[in-house]
>>> print(open('entry-v1.cif').read())   # mmCIF, C-alpha atoms
data_structure
#
loop_
_atom_site.label_atom_id
_atom_site.label_comp_id
_atom_site.auth_asym_id
_atom_site.auth_seq_id
_atom_site.Cartn_x
_atom_site.Cartn_y
_atom_site.Cartn_z
CA MET Q 383 15.78 69.56 337.67
CA ASN Q 384 18.64 71.79 336.53
CA LEU Q 385 18.51 75.36 335.26
CA SER Q 386 18.58 74.61 331.54
CA GLU Q 387 15.70 72.12 331.89
CA LEU Q 388 13.74 74.77 333.77
CA ILE Q 389 14.41 77.35 331.04
CA LYS Q 390 13.43 74.91 328.32
CA LEU Q 391 10.20 73.82 330.01
CA THR Q 392 9.06 77.38 330.70
CA LYS Q 393 10.18 78.52 327.21
CA GLY Q 394 12.07 81.16 329.14
CA ASN Q 395 15.14 83.34 328.79
CA LEU Q 396 17.92 83.72 331.32
CA LEU Q 397 18.44 87.39 332.23
CA THR Q 398 21.41 86.94 334.52
CA LYS Q 399 24.86 85.53 333.96
CA LYS Q 400 25.21 81.78 334.15
CA PRO Q 401 25.52 80.69 337.81
CA THR Q 402 29.02 79.68 338.83
CA GLU Q 403 27.85 76.46 340.40
CA GLU Q 404 25.51 73.78 339.12
CA CYS Q 405 22.00 74.91 340.09
CA VAL Q 406 19.78 72.05 341.23
CA ILE Q 407 16.11 72.87 341.67
CA SER Q 408 14.19 70.47 343.89
CA GLY Q 409 10.73 72.04 343.97
CA ALA Q 410 8.65 75.09 343.22
CA MET Q 411 6.34 77.67 344.70
CA ALA Q 412 4.37 80.53 343.16
CA ALA Q 413 3.34 83.74 344.94
CA ASP Q 414 3.34 87.51 344.61
CA LEU Q 415 3.45 88.42 348.28
CA MET Q 416 6.96 88.01 349.62
CA SER Q 417 5.91 87.36 353.19
CA ASP Q 418 3.86 84.45 351.92
CA VAL Q 419 7.00 83.17 350.23
CA LEU Q 420 9.07 83.54 353.40
CA ALA Q 421 6.33 81.86 355.39
CA SER Q 422 5.92 78.85 353.16
CA ILE Q 423 8.83 78.05 350.89
CA LYS Q 424 11.24 75.19 351.52
CA PRO Q 425 14.93 75.63 350.59
CA GLU Q 426 16.23 74.84 347.07
CA ALA Q 427 13.03 75.81 345.27
CA VAL Q 428 12.33 77.91 342.20
CA LEU Q 429 9.97 80.83 342.80
CA LEU Q 430 7.44 81.73 340.10
CA THR Q 431 6.11 85.25 340.52
CA GLY Q 432 4.67 88.31 338.84
CA LEU Q 433 6.48 90.65 341.21
CA CYS Q 434 9.55 92.17 339.56
CA ASN Q 435 11.27 94.41 342.13
CA PRO Q 436 14.60 93.81 343.94
CA GLN Q 437 12.69 92.51 346.97
CA VAL Q 438 12.11 89.26 345.12
CA VAL Q 439 15.87 88.74 344.97
CA ARG Q 440 16.33 89.73 348.63
CA THR Q 441 13.63 87.25 349.55
CA ALA Q 442 15.38 84.62 347.46
CA THR Q 443 18.69 85.23 349.25
CA ILE Q 444 17.09 84.92 352.63
CA ALA Q 445 14.88 81.92 351.86
CA ASP Q 446 17.57 79.96 349.97
CA ILE Q 447 15.64 80.10 346.71
CA ARG Q 448 17.62 78.67 343.77
CA ALA Q 449 16.04 80.55 340.84
CA ILE Q 450 13.25 83.02 340.02
CA VAL Q 451 10.86 82.85 337.07
CA PHE Q 452 8.98 86.04 336.11
CA VAL Q 453 5.74 85.14 334.36
CA ARG Q 454 3.46 86.87 331.84
CA GLY Q 455 6.43 88.42 330.02
CA LYS Q 456 7.04 90.83 332.87
CA TYR Q 457 10.48 92.32 332.73
CA PRO Q 458 12.25 93.16 336.02
CA ASP Q 459 13.90 96.55 336.42
CA PRO Q 460 17.70 96.84 336.02
CA ASP Q 461 18.22 97.07 339.80
CA THR Q 462 16.68 93.65 340.19
CA VAL Q 463 18.93 92.08 337.56
CA LEU Q 464 21.97 93.78 339.05
CA LEU Q 465 21.21 92.50 342.53
CA ALA Q 466 20.50 89.01 341.21
CA ASN Q 467 23.90 88.91 339.51
CA GLU Q 468 25.51 90.04 342.75
CA GLU Q 469 23.71 87.42 344.81
CA ASN Q 470 24.18 84.78 342.12
CA ILE Q 471 20.49 84.03 341.72
CA PRO Q 472 19.39 83.18 338.17
CA LEU Q 473 16.42 85.18 336.81
CA ILE Q 474 14.28 83.75 334.02
CA ILE Q 475 11.48 85.48 332.12
CA THR Q 476 8.71 83.63 330.34
CA ASP Q 477 5.66 84.70 328.37
CA LEU Q 478 3.65 81.92 330.00
CA GLY Q 479 1.01 82.75 332.58
CA LEU Q 480 1.58 81.79 336.20
CA PHE Q 481 -0.92 78.93 336.17
CA GLU Q 482 0.38 77.47 332.94
CA ALA Q 483 4.05 77.72 333.97
CA CYS Q 484 3.26 75.98 337.26
CA GLY Q 485 1.25 73.31 335.45
CA ILE Q 486 4.07 72.52 333.05
CA LEU Q 487 6.65 72.24 335.82
CA TYR Q 488 4.35 70.13 337.98
CA GLN Q 489 3.67 67.81 335.07
CA ALA Q 490 7.41 67.51 334.48
CA GLY Q 491 7.69 66.10 337.99
CA LEU Q 492 8.74 69.15 339.99
CA PRO Q 493 7.05 68.90 343.41
CA SER Q 494 5.42 71.71 345.36
CA PHE Q 495 7.81 73.24 347.89
CA GLU Q 496 5.08 75.28 349.51
CA LEU Q 497 4.02 74.45 353.02
CA LYS Q 498 0.32 73.93 353.46
CA SER Q 499 0.04 75.97 356.66
CA PRO Q 500 2.41 78.08 358.76
CA GLU Q 501 2.31 75.42 361.47
CA ASP Q 502 3.76 72.90 359.03
CA SER Q 503 7.26 74.04 359.92
CA VAL Q 504 10.04 74.20 357.39
CA LEU Q 505 12.86 75.09 359.76
CA MET C 298 41.98 106.76 324.30
CA LYS C 299 39.75 109.10 326.21
CA GLN C 300 39.53 108.23 329.88
CA LEU C 301 35.97 107.41 330.87
CA GLU C 302 34.50 109.57 333.55
CA ILE C 303 33.28 107.27 336.35
CA SER C 304 30.47 108.62 338.50
CA ASP C 305 29.75 107.24 341.96
CA GLU C 306 26.56 105.75 340.66
CA TYR C 307 28.42 103.96 337.90
CA ALA C 308 31.14 102.85 340.29
CA GLU C 309 28.57 101.10 342.46
CA ASN C 310 27.55 99.00 339.50
CA ILE C 311 31.03 97.85 338.56
CA THR C 312 31.16 94.10 338.70
CA ARG C 313 33.90 92.08 340.33
CA VAL C 314 35.17 91.03 336.92
CA GLU C 315 35.56 94.64 335.83
CA GLU C 316 37.37 95.39 339.08
CA LEU C 317 39.69 92.47 338.46
CA ALA C 318 40.50 93.75 334.99
CA TYR C 319 42.03 96.76 336.76
CA GLU C 320 43.62 94.81 339.63
CA LEU C 321 45.25 92.00 337.68
CA ARG C 322 48.43 92.77 335.79
CA ILE C 323 49.14 91.54 332.31
CA ASN C 324 52.22 89.61 333.47
CA GLU C 325 50.03 87.64 335.88
CA VAL C 326 47.84 86.19 333.15
CA MET C 327 50.09 86.10 330.05
CA THR C 328 51.73 82.97 328.63
CA GLU C 329 55.42 82.83 329.49
CA ASN C 330 58.29 80.79 328.02
CA ILE C 331 57.08 81.29 324.53
CA TYR C 332 58.65 79.85 321.44
CA CYS C 333 60.55 82.51 319.50
CA LEU C 334 61.68 82.38 315.90
CA ASP C 335 65.06 83.44 314.55
CA PRO C 336 64.76 86.11 311.83
CA ASN C 337 67.26 84.26 309.66
CA MET C 338 65.21 81.07 309.66
CA LYS C 339 63.73 80.01 306.32
CA MET C 340 59.96 80.34 305.92
CA GLU C 341 59.78 76.64 305.12
CA GLU C 342 61.21 75.80 308.53
CA ALA C 343 58.77 78.18 310.18
CA LEU C 344 55.93 76.43 308.36
CA ASP C 345 57.08 73.07 309.76
CA ILE C 346 57.23 74.50 313.27
CA PHE C 347 53.79 76.07 312.99
CA GLN C 348 52.33 72.81 311.71
CA GLU C 349 54.01 70.65 314.32
CA LYS C 350 53.30 72.93 317.29
CA ARG C 351 49.92 74.09 315.98
CA PHE C 352 50.92 77.75 316.23
CA SER C 353 48.94 80.50 314.63
CA GLY C 354 51.65 83.04 315.28
CA ALA C 355 55.03 83.47 316.99
CA PRO C 356 57.31 86.35 317.95
CA VAL C 357 60.59 86.87 316.19
CA THR C 358 63.54 87.88 318.38
CA GLU C 359 67.11 88.89 317.84
CA GLN C 360 69.35 88.92 320.94
CA ASP C 361 66.27 88.73 323.16
CA LYS C 362 64.77 91.83 321.60
CA LEU C 363 61.45 91.57 319.84
CA ILE C 364 61.78 92.59 316.22
CA GLY C 365 58.60 91.19 314.67
CA ILE C 366 55.75 88.72 314.67
CA LEU C 367 55.17 85.97 312.18
CA SER C 368 51.56 84.90 311.71
CA ILE C 369 49.83 82.22 309.68
CA GLU C 370 48.83 84.92 307.22
CA ASP C 371 52.49 85.76 306.57
CA LEU C 372 53.09 82.07 305.87
CA ILE C 373 50.18 81.97 303.45
CA ARG C 374 51.62 84.97 301.62
CA ALA C 375 54.95 83.15 301.30
CA LEU C 376 53.20 79.99 300.08
CA ARG C 377 51.17 81.91 297.50
CA GLY C 378 54.27 83.62 296.18
CA ASN C 379 56.22 80.36 296.24
CA GLN C 380 58.83 82.02 298.43
CA LEU C 381 59.36 79.45 301.14
CA ASP C 382 63.17 79.81 300.89
CA ALA C 383 62.95 83.45 301.90
CA THR C 384 63.82 84.28 305.50
CA VAL C 385 61.36 85.02 308.24
CA ARG C 386 62.76 88.56 308.36
CA ASN C 387 61.31 89.25 304.91
CA PHE C 388 57.77 88.23 305.78
CA MET C 389 57.31 89.04 309.45
CA THR C 390 55.13 91.94 310.59
CA THR C 391 57.32 94.67 312.04
CA ASN C 392 54.68 97.26 312.73
CA LEU C 393 54.07 95.96 316.22
CA THR C 394 51.51 96.70 318.89
CA THR C 395 52.83 95.65 322.28
CA VAL C 396 51.69 95.92 325.87
CA CYS C 397 53.66 96.33 329.07
CA GLY C 398 53.63 93.48 331.60
CA PHE C 399 53.12 95.84 334.52
CA ASP C 400 49.97 97.37 333.07
CA PRO C 401 46.58 96.18 334.24
CA VAL C 402 44.75 93.63 332.11
CA VAL C 403 42.24 96.30 331.08
CA GLU C 404 44.98 97.93 328.94
CA ALA C 405 45.34 94.73 326.94
CA LEU C 406 41.54 94.54 326.59
CA LYS C 407 41.49 98.09 325.21
CA THR C 408 44.26 97.28 322.75
CA PHE C 409 42.44 94.17 321.59
CA ALA C 410 39.30 96.22 321.07
CA LEU C 411 41.15 98.85 319.01
CA SER C 412 43.31 96.53 316.91
CA LYS C 413 42.67 93.47 314.81
CA PHE C 414 45.32 91.41 316.59
CA GLY C 415 44.51 88.16 318.33
CA ARG C 416 47.70 88.16 320.38
CA LEU C 417 49.94 90.85 321.75
CA PRO C 418 53.61 90.60 322.71
CA VAL C 419 54.26 91.60 326.32
CA LEU C 420 57.41 93.58 327.11
CA ASP C 421 59.05 94.44 330.42
CA ARG C 422 60.15 97.97 331.29
CA GLU C 423 63.46 97.47 329.44
CA GLY C 424 61.64 96.45 326.29
CA ASN C 425 62.52 92.75 326.53
CA LEU C 426 59.93 90.23 325.41
CA ILE C 427 58.55 88.42 328.47
CA GLY C 428 55.43 86.75 327.10
CA ILE C 429 52.40 86.76 324.84
CA ILE C 430 48.85 87.57 325.83
CA THR C 431 45.66 86.41 324.09
CA LYS C 432 41.99 86.99 324.95
CA GLY C 433 41.90 83.39 326.13
CA ASP C 434 44.71 84.13 328.62
CA ILE C 435 42.65 87.00 329.99
CA SER C 436 39.50 84.86 330.41
CA ASN C 437 41.50 82.16 332.17
CA GLY C 438 43.24 84.71 334.37
CA LEU C 439 39.96 86.32 335.40
CA LEU C 440 38.38 82.95 336.11
CA SER C 441 41.20 81.80 338.36
CA ALA C 442 41.18 85.18 340.13
CA LEU C 443 37.45 84.76 340.81
CA GLN C 444 38.21 81.33 342.20
CA ARG C 445 40.87 82.84 344.47
CA ASP C 446 38.20 85.32 345.65
CA TYR C 447 36.03 82.39 346.54
CA HIS C 448 38.79 80.79 348.59
CA ALA C 449 39.41 84.12 350.28
CA GLU C 450 35.74 84.15 351.34
CA GLU C 451 36.24 80.66 352.78
CA LEU C 452 39.26 81.93 354.68
CA ILE C 453 37.30 84.88 356.08
CA ARG C 454 34.65 82.42 357.13
CA TYR C 455 37.22 80.23 358.83
CA ARG C 456 38.76 83.14 360.71
CA ALA C 457 35.40 84.58 361.71
CA SER C 458 34.19 81.24 362.98
CA HIS C 459 37.08 81.24 365.47
CA LEU C 460 36.30 84.71 366.73
CA PHE C 461 34.57 83.55 369.86
CA GLU C 462 37.37 81.13 370.69
CA ASP C 463 40.12 83.66 370.07
CA ILE C 464 38.66 86.40 372.21
CA VAL C 465 38.06 85.44 375.80
CA SER C 466 35.97 87.48 378.19
CA GLY C 467 33.34 87.01 380.86
CA ARG C 468 30.68 87.45 378.28
CA THR C 469 31.68 88.00 374.67
CA SER C 470 29.22 89.27 372.14
CA LEU C 471 29.29 90.85 368.73
CA ILE C 472 26.81 93.63 368.03
CA LEU C 473 25.68 94.63 364.54
CA ARG C 474 23.53 97.74 364.04
CA TYR C 475 21.64 98.85 360.97
CA ASP C 476 19.69 102.07 360.54
CA ILE C 477 16.59 101.41 358.50
CA ARG C 478 15.02 104.33 356.64
CA LYS C 479 11.30 104.79 356.30
CA GLY C 480 10.00 104.00 352.81
CA ASP C 481 13.36 102.83 351.45
CA PHE C 482 12.07 99.84 349.53
CA ILE C 483 15.06 99.74 347.20
CA GLN C 484 17.43 98.97 350.09
CA GLY C 485 14.81 96.91 351.89
CA GLY C 486 16.20 93.53 352.89
CA ASN C 487 19.77 94.72 352.50
CA ALA C 488 20.43 94.69 356.25
CA SER C 489 18.89 91.23 356.60
CA SER C 490 21.04 89.88 353.78
CA LYS C 491 24.10 91.26 355.56
CA ILE C 492 23.01 89.73 358.85
CA LYS C 493 22.51 86.36 357.22
CA ARG C 494 25.94 86.53 355.56
CA ALA C 495 27.60 87.58 358.82
CA LEU C 496 26.07 84.62 360.63
CA LEU C 497 27.22 82.20 357.95
CA ARG C 498 30.72 83.65 358.18
CA LEU C 499 30.63 83.18 361.92
CA GLY C 500 29.93 79.53 361.29
CA ALA C 501 26.19 79.40 362.01
CA SER C 502 24.35 76.51 360.37
CA PRO C 503 22.33 77.28 357.21
CA GLN C 504 19.12 76.64 359.18
CA ILE C 505 19.99 79.15 361.89
CA ALA C 506 21.11 81.72 359.31
CA ARG C 507 17.87 81.22 357.39
CA ARG C 508 15.69 81.59 360.49
CA CYS C 509 17.51 84.77 361.55
CA GLY C 510 17.41 86.06 357.98
CA ILE C 511 13.65 85.64 357.65
CA ALA C 512 12.92 87.19 361.05
CA ALA C 513 15.29 90.09 360.38
CA TYR C 514 13.81 90.64 356.93
CA GLU C 515 10.27 90.86 358.22
CA ALA C 516 11.34 93.20 361.02
CA GLU C 517 13.28 95.33 358.55
CA MET C 518 10.31 95.59 356.18
CA ASN C 519 8.06 96.52 359.09
CA LEU C 520 10.41 99.41 359.93
CA ILE C 521 10.34 100.54 356.29
CA ILE C 522 6.58 100.25 355.86
CA HIS C 523 4.99 101.08 359.18
CA THR C 524 7.14 103.57 361.08
CA ASN C 525 7.12 107.36 361.16
CA HIS C 526 10.86 107.84 360.73
CA GLY C 527 12.32 104.38 360.21
CA GLY C 528 14.16 102.63 363.00
CA THR C 529 17.10 100.47 364.02
CA LEU C 530 17.83 96.81 363.66
CA ARG C 531 20.29 95.57 366.26
CA VAL C 532 21.72 92.08 366.36
CA GLU C 533 23.73 90.74 369.27
CA ILE C 534 25.57 87.52 368.60
CA GLU C 535 26.76 85.44 371.53
CA PRO C 536 28.13 81.91 371.52
CA HIS C 537 24.86 80.52 372.86
CA LYS C 538 22.23 82.82 371.38
CA ILE C 539 21.38 85.51 368.86
CA THR C 540 19.27 88.42 370.03
CA MET C 541 17.74 90.67 367.43
CA GLU C 542 15.95 93.84 368.28
CA ALA C 543 13.97 96.16 366.00
CA TYR C 544 12.91 99.49 367.46
CA ASP C 545 11.34 102.71 366.27
CA ASP C 546 9.80 105.89 367.64
CA GLY C 547 6.29 105.48 366.40
CA PRO C 548 3.46 105.36 365.62
CA GLY C 549 3.12 102.20 367.71
CA ILE C 550 0.74 99.30 367.18
CA GLU C 551 -2.88 99.86 368.18
CA ASP C 552 -3.85 96.25 368.80
CA VAL C 553 -0.85 93.94 369.28
CA GLU C 554 -3.00 90.82 369.48
CA LEU C 555 -4.69 91.61 366.19
CA ALA C 556 -1.37 92.45 364.54
CA MET C 557 -0.12 88.96 365.44
CA LYS C 558 -2.96 87.29 363.50
CA ALA C 559 -2.02 85.56 360.22
CA GLY C 560 -3.27 87.58 357.28
CA TYR C 561 -4.04 90.75 359.24
CA SER C 562 -2.39 93.79 357.72
CA THR C 563 -2.74 97.55 357.85
CA ALA C 564 -0.60 98.02 354.73
CA THR C 565 -2.00 100.26 352.01
CA HIS C 566 -2.96 99.14 348.54
CA GLU C 567 0.27 100.66 347.12
CA ILE C 568 2.37 98.64 349.51
CA ARG C 569 0.53 95.45 348.62
CA GLU C 570 1.18 96.21 344.96
CA MET C 571 4.87 96.05 345.79
CA GLY C 572 4.46 92.56 347.20
CA PHE C 573 4.24 93.41 350.89
CA GLY C 574 1.52 93.53 353.45
CA ALA C 575 0.55 89.86 353.27
CA GLY C 576 -0.18 90.03 356.98
CA MET C 577 2.39 87.32 357.59
CA GLY C 578 5.29 89.37 358.93
CA LEU C 579 4.92 88.93 362.66
CA VAL C 580 3.60 85.40 362.18
CA ASN C 581 6.72 84.58 360.21
CA ILE C 582 8.96 86.08 362.86
CA LYS C 583 7.27 84.13 365.62
CA ARG C 584 7.70 80.91 363.68
CA CYS C 585 11.42 81.55 363.10
CA VAL C 586 12.59 82.57 366.56
CA ASP C 587 12.59 80.80 369.91
CA GLU C 588 11.41 83.78 371.89
CA MET C 589 9.60 86.86 370.70
CA ARG C 590 8.46 89.88 372.63
CA LEU C 591 6.54 92.77 371.14
CA ILE C 592 6.18 95.91 373.24
CA SER C 593 4.35 98.80 371.68
CA THR C 594 2.97 102.03 373.01
CA LYS C 595 0.68 104.11 370.86
CA ASP C 596 2.45 107.29 369.70
CA ARG C 597 5.67 106.23 371.46
CA GLY C 598 7.06 103.43 369.39
CA THR C 599 7.57 99.70 369.11
CA ASN C 600 10.25 97.37 370.41
CA LEU C 601 10.43 93.90 368.97
CA TYR C 602 12.79 91.39 370.60
CA MET C 603 13.65 88.17 368.87
CA ILE C 604 15.88 85.50 370.37
CA ILE C 605 17.26 82.39 368.76
CA PHE C 606 19.09 79.92 370.99
CA LEU C 607 22.00 77.99 369.60
CA ASN C 608 22.34 74.45 370.79
CA ASP C 609 25.67 72.64 370.72
CA SER C 610 25.46 71.52 367.13
CA THR C 611 24.70 74.97 365.77
CA GLN C 612 26.83 77.22 367.93
CA PRO C 613 28.48 79.91 365.85
CA ASN C 614 31.83 79.37 367.50
CA LYS C 615 31.93 75.66 366.68
CA ASP C 616 32.84 74.32 363.28
#
>>> encode(input="entry-v1.cif", output="structure tokens")
Amino acid sequence: MNLSELIKLTKGNLLTKKPTEECVISGAMAADLMSDVLASIKPEAVLLTGLCNPQVVRTATIADIRAIVFVRGKYPDPDTVLLANEENIPLIITDLGLFEACGILYQAGLPSFELKSPEDSVL
Amino acid sequence: MKQLEISDEYAENITRVEELAYELRINEVMTENIYCLDPNMKMEEALDIFQEKRFSGAPVTEQDKLIGILSIEDLIRALRGNQLDATVRNFMTTNLTTVCGFDPVVEALKTFALSKFGRLPVLDREGNLIGIITKGDISNGLLSALQRDYHAEELIRYRASHLFEDIVSGRTSLILRYDIRKGDFIQGGNASSKIKRALLRLGASPQIARRCGIAAYEAEMNLIIHTNHGGTLRVEIEPHKITMEAYDDGPGIEDVELAMKAGYSTATHEIREMGFGAGMGLVNIKRCVDEMRLISTKDRGTNLYMIIFLNDSTQPNKD
């Protein structure tokens, strides 16, 4: 799935500048606790979250996350957008709820990129 | 135009593109070898040239000096008035706005913003016409400069990856140190991002960089959340292993065994609100590194050692 398909499916808006390279999204995970994300996400995923601070972008940089979707119409603070532009990580906002956004993406064929347990190693 | 006052805070937020607008010079992005019209040419001839070459405007020169600009609008005026036998000199615009080739691109951007012109003649210091600049030239120039930046990063990466081969000693290592401040959530993860980037530049594989990044991030957040006065993150990179150490001066961990349990956290409600305190930090670190040692004394402080071994295929000094 590419970025524009993701934006269309989530009825979202892109907050950051267009990424310089083609952004291919291979899976998805949803969480609000960043350690859970770091513990369980596989590379090249989109992260759906209700957390809007710059830590989400830092987490994305470290965990090789391709894009971030903020759900429930939550708007990230300017620092977050600034950092995302610097790190070249697209930010999308949608009015959809977390469950619904996940459901739509799953139905569109995007697989879960969340590990089932910490022992199920990603590395 | 009034010079904008730039505060430090604002300066931090300046993007690379804005920086480039000051670094790049107009003569680096302008179009050179432009087609110039003779002032004594008939308007009819100019019309043919515009049609054939799909021009929307062209400079008019006399002995290499710019004396005017002829635009499509001037041609339309001549057509309307049925005056195609008149000379270019009679219809060209002589009230000219020009820019200097040695000025930064931002000067041309300002002039575009203040005037209605779509193109500006570029002069050298002696006043000779050396080119034409349009907004499109500026976009193209900025884009190719960004691309050059990208190649420069690749070059840095190439040079850095040879560091360990170029410098020979009994035991070579590179040490990175980061002071982490207590409660500084805004900068939280900044050191880890830098560590990850440094490792990639040194030629570490994406997997190794990711593992070190996650472990460093969790250690960094622990220093921000749980210490009395913050602490230090120290990374030692050697050809065969990466040793990361996070240390602080208190308060120390009461029950190390309990702290290592998945989901156990002493973080406050406020910290959880910010997305931390999942109780996965130390678990994550353990999963990412090959060796982990946690030494903590109540009221004295905590030392966390993390080691990642690099096998042959992932050594930072190999390509």
>>> atom_distance(input="entry-v1.cif", atom1="atom CA of Val396 of chain C", atom2="atom CA of Ala318 of chain C")
14.6 Å
>>> residues_around(input="entry-v1.cif", residues="Leu579 of chain C", least_positions_apart="5", cutoff="10 Å", atoms="all atoms listed in the file", output="PyMOL selection string")
(chain Q and resi 417) or (chain C and resi 512+515-516+519+556-561+584-585+589+591+601)
>>> resolve_selection(input="entry-v1.cif", expression="the PyMOL selection byres ((chain Q) within 9 of (chain C))", output="VMD selection string")
chain Q and resid 414 to 418 420 to 421 433 to 438 440 to 441 443 to 446 461 464 467 to 468 500 to 501 503 505
>>> atom_distance(input="entry-v1.cif", atom1="atom CA of Ala413 of chain Q", atom2="atom CA of Ile450 of chain Q")
11.1 Å
>>> resolve_selection(input="entry-v1.cif", expression="the PyMOL selection byres ((chain C and resi 366) around 10)", output="list of chain:residue names")
C:Cys333, C:Leu334, C:Pro336, C:Gly354, C:Ala355, C:Pro356, C:Val357, C:Thr358, C:Leu363, C:Ile364, C:Gly365, C:Leu367, C:Ser368, C:Asp371, C:Val385, C:Arg386, C:Phe388, C:Met389, C:Thr390, C:Thr391, C:Asn392, C:Leu393, C:Thr394, C:Arg416, C:Leu417, C:Pro418
>>> atom_distance(input="entry-v1.cif", atom1="atom CA of Pro425 of chain Q", atom2="atom CA of Leu396 of chain Q")
21.1 Å
>>> residues_around(input="entry-v1.cif", residues="Pro401 of chain Q", least_positions_apart="3", cutoff="10 Å", atoms="all atoms listed in the file", output="number ranges by chain")
Q: 385, 398, 404-405, 449, 467, 469-472
>>> residues_around(input="entry-v1.cif", residues="Tyr544 of chain C", least_positions_apart="6", cutoff="10 Å", atoms="all atoms listed in the file", output="NGL selection string")
:C and (477 or 516-517 or 520 or 524 or 527-531 or 591-593 or 598-602)
>>> resolve_selection(input="entry-v1.cif", expression="the PyMOL selection byres ((chain Q and resi 493) around 6)", output="number ranges by chain")
Q: 409, 492, 494
>>> residues_near_point(input="entry-v1.cif", point="(12.4, 78.8, 332.3)", cutoff="12 Å", atoms="only C-alpha atoms", output="PDB file with C-alpha atoms, in the frame of the given file")
ATOM      1  CA  MET Q 383      15.780  69.560 337.670  1.00  0.00           C
ATOM      2  CA  ASN Q 384      18.640  71.790 336.530  1.00  0.00           C
ATOM      3  CA  LEU Q 385      18.510  75.360 335.260  1.00  0.00           C
ATOM      4  CA  SER Q 386      18.580  74.610 331.540  1.00  0.00           C
ATOM      5  CA  GLU Q 387      15.700  72.120 331.890  1.00  0.00           C
ATOM      6  CA  LEU Q 388      13.740  74.770 333.770  1.00  0.00           C
ATOM      7  CA  ILE Q 389      14.410  77.350 331.040  1.00  0.00           C
ATOM      8  CA  LYS Q 390      13.430  74.910 328.320  1.00  0.00           C
ATOM      9  CA  LEU Q 391      10.200  73.820 330.010  1.00  0.00           C
ATOM     10  CA  THR Q 392       9.060  77.380 330.700  1.00  0.00           C
ATOM     11  CA  LYS Q 393      10.180  78.520 327.210  1.00  0.00           C
ATOM     12  CA  GLY Q 394      12.070  81.160 329.140  1.00  0.00           C
ATOM     13  CA  ASN Q 395      15.140  83.340 328.790  1.00  0.00           C
ATOM     14  CA  LEU Q 396      17.920  83.720 331.320  1.00  0.00           C
ATOM     15  CA  LEU Q 397      18.440  87.390 332.230  1.00  0.00           C
ATOM     16  CA  ILE Q 407      16.110  72.870 341.670  1.00  0.00           C
ATOM     17  CA  VAL Q 428      12.330  77.910 342.200  1.00  0.00           C
ATOM     18  CA  LEU Q 429       9.970  80.830 342.800  1.00  0.00           C
ATOM     19  CA  LEU Q 430       7.440  81.730 340.100  1.00  0.00           C
ATOM     20  CA  ALA Q 449      16.040  80.550 340.840  1.00  0.00           C
ATOM     21  CA  ILE Q 450      13.250  83.020 340.020  1.00  0.00           C
ATOM     22  CA  VAL Q 451      10.860  82.850 337.070  1.00  0.00           C
ATOM     23  CA  PHE Q 452       8.980  86.040 336.110  1.00  0.00           C
ATOM     24  CA  VAL Q 453       5.740  85.140 334.360  1.00  0.00           C
ATOM     25  CA  GLY Q 455       6.430  88.420 330.020  1.00  0.00           C
ATOM     26  CA  PRO Q 472      19.390  83.180 338.170  1.00  0.00           C
ATOM     27  CA  LEU Q 473      16.420  85.180 336.810  1.00  0.00           C
ATOM     28  CA  ILE Q 474      14.280  83.750 334.020  1.00  0.00           C
ATOM     29  CA  ILE Q 475      11.480  85.480 332.120  1.00  0.00           C
ATOM     30  CA  THR Q 476       8.710  83.630 330.340  1.00  0.00           C
ATOM     31  CA  ASP Q 477       5.660  84.700 328.370  1.00  0.00           C
ATOM     32  CA  LEU Q 478       3.650  81.920 330.000  1.00  0.00           C
ATOM     33  CA  LEU Q 480       1.580  81.790 336.200  1.00  0.00           C
ATOM     34  CA  ALA Q 483       4.050  77.720 333.970  1.00  0.00           C
ATOM     35  CA  CYS Q 484       3.260  75.980 337.260  1.00  0.00           C
ATOM     36  CA  ILE Q 486       4.070  72.520 333.050  1.00  0.00           C
ATOM     37  CA  LEU Q 487       6.650  72.240 335.820  1.00  0.00           C
TER      38      LEU Q 487
END
>>> residues_around(input="entry-v1.cif", residues="Asp596 of chain C", least_positions_apart="2", cutoff="8 Å", atoms="all atoms listed in the file", output="VMD selection string")
chain C and resid 546 to 549 594 598
>>> residues_around(input="entry-v1.cif", residues="Asp345 of chain C", least_positions_apart="5", cutoff="12 Å", atoms="only C-alpha atoms", output="ChimeraX atom specification")
/C:338-340,350-352,369,372,381
